[in-house]
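J.: Pasting in a structure now, in structure tokens, and then I'll have a few things to ask.
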Amino acid sequence: MTARLKKTAVSCSLALLAISVACTSYTEIPIETPIQPKLDVTPFQRVFIAGFIAGANEDVDANMETVRLLRSQLRNKGIMRVIDADTLPLIDVARQANGGENLPPAPDQQAVQPPQDQEKAPVINDEKDLEQYQHIFANVAYWKRIGEEYQQPLIVTGAVLFAPQQKSGFVQREQESYDPFGRRIVVPVRTYMERKGFVLRPTFIFIDGRTGETLHSETFREEILYNASQQTPALSSYFELMDRLLPAFLNTLSAQKIKGTRTLLK
Amino acid sequence: MSIRPLALALLMALSLAPAAWADVRGQAKEQVEFGIQVAQRGLWKEAIYRWERAAQIDPTYAAAFNNLAVAYEHEGQLAKARAAYEKALALDPNNALVRQNYDLFKEINDRAAQKDGRQL
């Protein structure tokens, strides 16, 4: 019954579209809609992609890849001057702050830490694992000090979760066949499938390097699933997912133009 | 006795009304068509002027409001675009092309409206 109703509704809307197209003289035109930036970055001349708290994925270093990607995107778009500096060891800084010290050490002090003193990389697979490190983003004194170190830029930091996922269930796909008259028909078919892929959940935090205060934060979630038999490298999935959300990230700092087509009527 | 001239005048007015309406629509249509020509050459400000004139001349002309909405969208004046699309749809609720434009606009407008991201 519902399917029949749906079919009728689709037929009606198609008929309506056909009628209005037939009765109306129209022309299509490409447009570019400018979207204003979410953040006013005019007080800043430089941006420092400071690093991210990221899950320990065997194949992809989500922290380093995200830093590299964002820096190159900002550089290519010429939005702001990008500071080329080592990323901050945020996990260690957060751990030290947890350990009772009031203020984490300054970046120059962090650099001289011998590697053998550092603990093993933590496992961060979900939001719960992230919780114990999140206080670092609210540490105004720390970020103010980082800002002073780099001449008060806009600081971009946050967390990046990039984890494998597996899902099974019914998937609708299109099956091609031919009717008795040899005409090609495509029928939607529901099939049970085992699928695997990745989920990317970055949170970008924008900090004012002059005050250490958070100006804006934004969380995204993108996922991709493949046939269980398909072997897709984690790194290529990571870039595919980042590609989807990069326009939204860039729109935080600069105006973006969204291309589309509209119909003009006579 | 005095009713007769009055009735005559009313009859005349009624018979002339469609012609006057056609004239108004014709003038508005000229503006709309010129607006389309200039928009196709990228002169969107001129197109806006023409379509605004068309909407003034004939405030019941849905096409003028639809085109105006498209132009406002192109210029990034999203609040004005929404108002113009809504006016066009109020005038011609069954026009699938206006509806399609409006749906595409809403998709972009919603993205632009997401100014404050979710907090961590």
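Note on naming: chains are A, B, ... as they come in the structure tokens, residues start from 1 per chain, ligands start from 1 in the order shown.
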Please identify all residues of chain A having at least one atom at most 8 Å from any atom of chain B, considering only C-alpha atoms, and return them as a ChimeraX atom specification.

T.: /A:16-17,20-21,29,31-36,38,203,216-219,258,262-266

J.: Identify, on the basis of only C-alpha atoms, every residue whose closest approach to Leu161 of chain A does not exceed 12 Å; exclude the query and any residue fewer than 5 positions from it along the same chain; express the result as a PyMOL selection string.

T.: chain A and resi 52-57+60-63+66+123-130+198-204+219-223+238+241-242

J.: Store the residues picked out above, limited to C-alpha atoms, as a tab-separated table (two decimals), in the first residue's frame.

T.:
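New file result-v9.tsv:
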chain	number	residue	atom	x	y	z
A	52	PHE	CA	45.73	17.39	17.05
A	53	ILE	CA	45.05	14.76	19.61
A	54	ALA	CA	44.56	11.72	17.45
A	55	GLY	CA	43.88	8.04	17.75
A	56	ALA	CA	46.76	5.64	17.32
A	57	ASN	CA	45.95	4.15	13.94
A	60	VAL	CA	47.57	6.58	9.34
A	61	ASP	CA	49.08	9.14	11.66
A	62	ALA	CA	45.92	11.26	11.75
A	63	ASN	CA	47.66	14.06	13.64
A	66	THR	CA	45.79	16.48	9.23
A	123	VAL	CA	44.97	4.16	22.46
A	124	ILE	CA	42.31	6.62	21.39
A	125	ASN	CA	39.49	4.92	19.54
A	126	ASP	CA	36.45	6.89	20.56
A	127	GLU	CA	35.16	10.04	22.22
A	128	LYS	CA	35.45	8.43	25.65
A	129	ASP	CA	39.18	7.88	25.19
A	130	LEU	CA	39.52	11.52	24.19
A	198	PHE	CA	36.44	4.04	8.15
A	199	VAL	CA	34.92	6.80	10.17
A	200	LEU	CA	36.54	10.21	10.47
A	201	ARG	CA	35.45	12.53	13.25
A	202	PRO	CA	37.60	15.65	13.51
A	203	THR	CA	36.97	18.56	15.85
A	204	PHE	CA	38.67	21.79	14.83
A	219	THR	CA	32.94	18.92	14.79
A	220	PHE	CA	32.42	16.91	11.63
A	221	ARG	CA	31.67	13.27	11.00
A	222	GLU	CA	32.20	11.44	7.74
A	223	GLU	CA	32.22	7.74	7.06
A	238	TYR	CA	41.39	9.24	5.11
A	241	LEU	CA	36.88	11.68	3.89
A	242	MET	CA	38.94	14.83	4.53

J.: Interatomic distance between atom CA of Gln231 of chain A and atom CA of Met193 of chain A?

T.: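 We find that atom CA of Gln231 of chain A and atom CA of Met193 of chain A lie 15.6 Å from each other.
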
J.: Between atom CA of Gln45 of chain A and atom CA of Gly78 of chain A, what is the distance in Å, rounded to a tenth?

T.: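 Spanning atom CA of Gln45 of chain A to atom CA of Gly78 of chain A is a straight-line distance of 11.2 Å.
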
J.: Can you pull out every residue within 8 Å of Gly147 of chain A, counting only C-alpha atoms, but drop anything in the same chain fewer than 3 positions away, and send it as an mmCIF file with N, CA and C atoms, in the first residue's frame?

T.:
data_model
loop_
_atom_site.group_PDB
_atom_site.id
_atom_site.type_symbol
_atom_site.label_atom_id
_atom_site.label_comp_id
_atom_site.auth_asym_id
_atom_site.auth_seq_id
_atom_site.Cartn_x
_atom_site.Cartn_y
_atom_site.Cartn_z
ATOM 1 N N TRP A 143 47.727 28.257 25.963
ATOM 2 C CA TRP A 143 47.577 28.708 24.572
ATOM 3 C C TRP A 143 48.059 30.154 24.409
ATOM 4 N N LYS A 144 47.905 30.934 25.480
ATOM 5 C CA LYS A 144 48.389 32.318 25.408
ATOM 6 C C LYS A 144 49.911 32.307 25.270
ATOM 7 N N TYR A 150 54.711 32.349 19.076
ATOM 8 C CA TYR A 150 54.604 32.436 17.607
ATOM 9 C C TYR A 150 54.023 33.767 17.133
ATOM 10 N N GLN A 151 54.179 34.785 17.900
ATOM 11 C CA GLN A 151 53.730 36.136 17.544
ATOM 12 C C GLN A 151 52.222 36.239 17.332
ATOM 13 N N GLN A 152 51.507 35.683 18.279
ATOM 14 C CA GLN A 152 50.055 35.829 18.383
ATOM 15 C C GLN A 152 49.274 35.501 17.108
ATOM 16 N N PRO A 153 49.426 34.288 16.645
ATOM 17 C CA PRO A 153 48.658 33.897 15.449
ATOM 18 C C PRO A 153 47.276 33.358 15.831
ATOM 19 N N LEU A 154 46.530 32.993 14.817
ATOM 20 C CA LEU A 154 45.321 32.202 15.051
ATOM 21 C C LEU A 154 45.806 30.761 15.183
ATOM 22 N N ILE A 155 45.426 30.103 16.262
ATOM 23 C CA ILE A 155 45.899 28.726 16.488
ATOM 24 C C ILE A 155 44.767 27.748 16.143
ATOM 25 N N ASP A 208 42.420 32.037 19.849
ATOM 26 C CA ASP A 208 43.020 33.361 19.678
ATOM 27 C C ASP A 208 44.396 33.351 20.352
ATOM 28 N N GLY A 209 45.452 33.491 19.537
ATOM 29 C CA GLY A 209 46.815 33.423 20.061
ATOM 30 C C GLY A 209 47.168 34.615 20.955
ATOM 31 N N ARG A 210 46.342 35.652 20.941
ATOM 32 C CA ARG A 210 46.619 36.828 21.789
ATOM 33 C C ARG A 210 46.113 36.609 23.204
ATOM 34 N N THR A 211 44.992 35.874 23.319
ATOM 35 C CA THR A 211 44.370 35.713 24.641
ATOM 36 C C THR A 211 44.366 34.263 25.128
ATOM 37 N N GLY A 212 44.503 33.321 24.219
ATOM 38 C CA GLY A 212 44.428 31.910 24.587
ATOM 39 C C GLY A 212 42.990 31.383 24.639
#
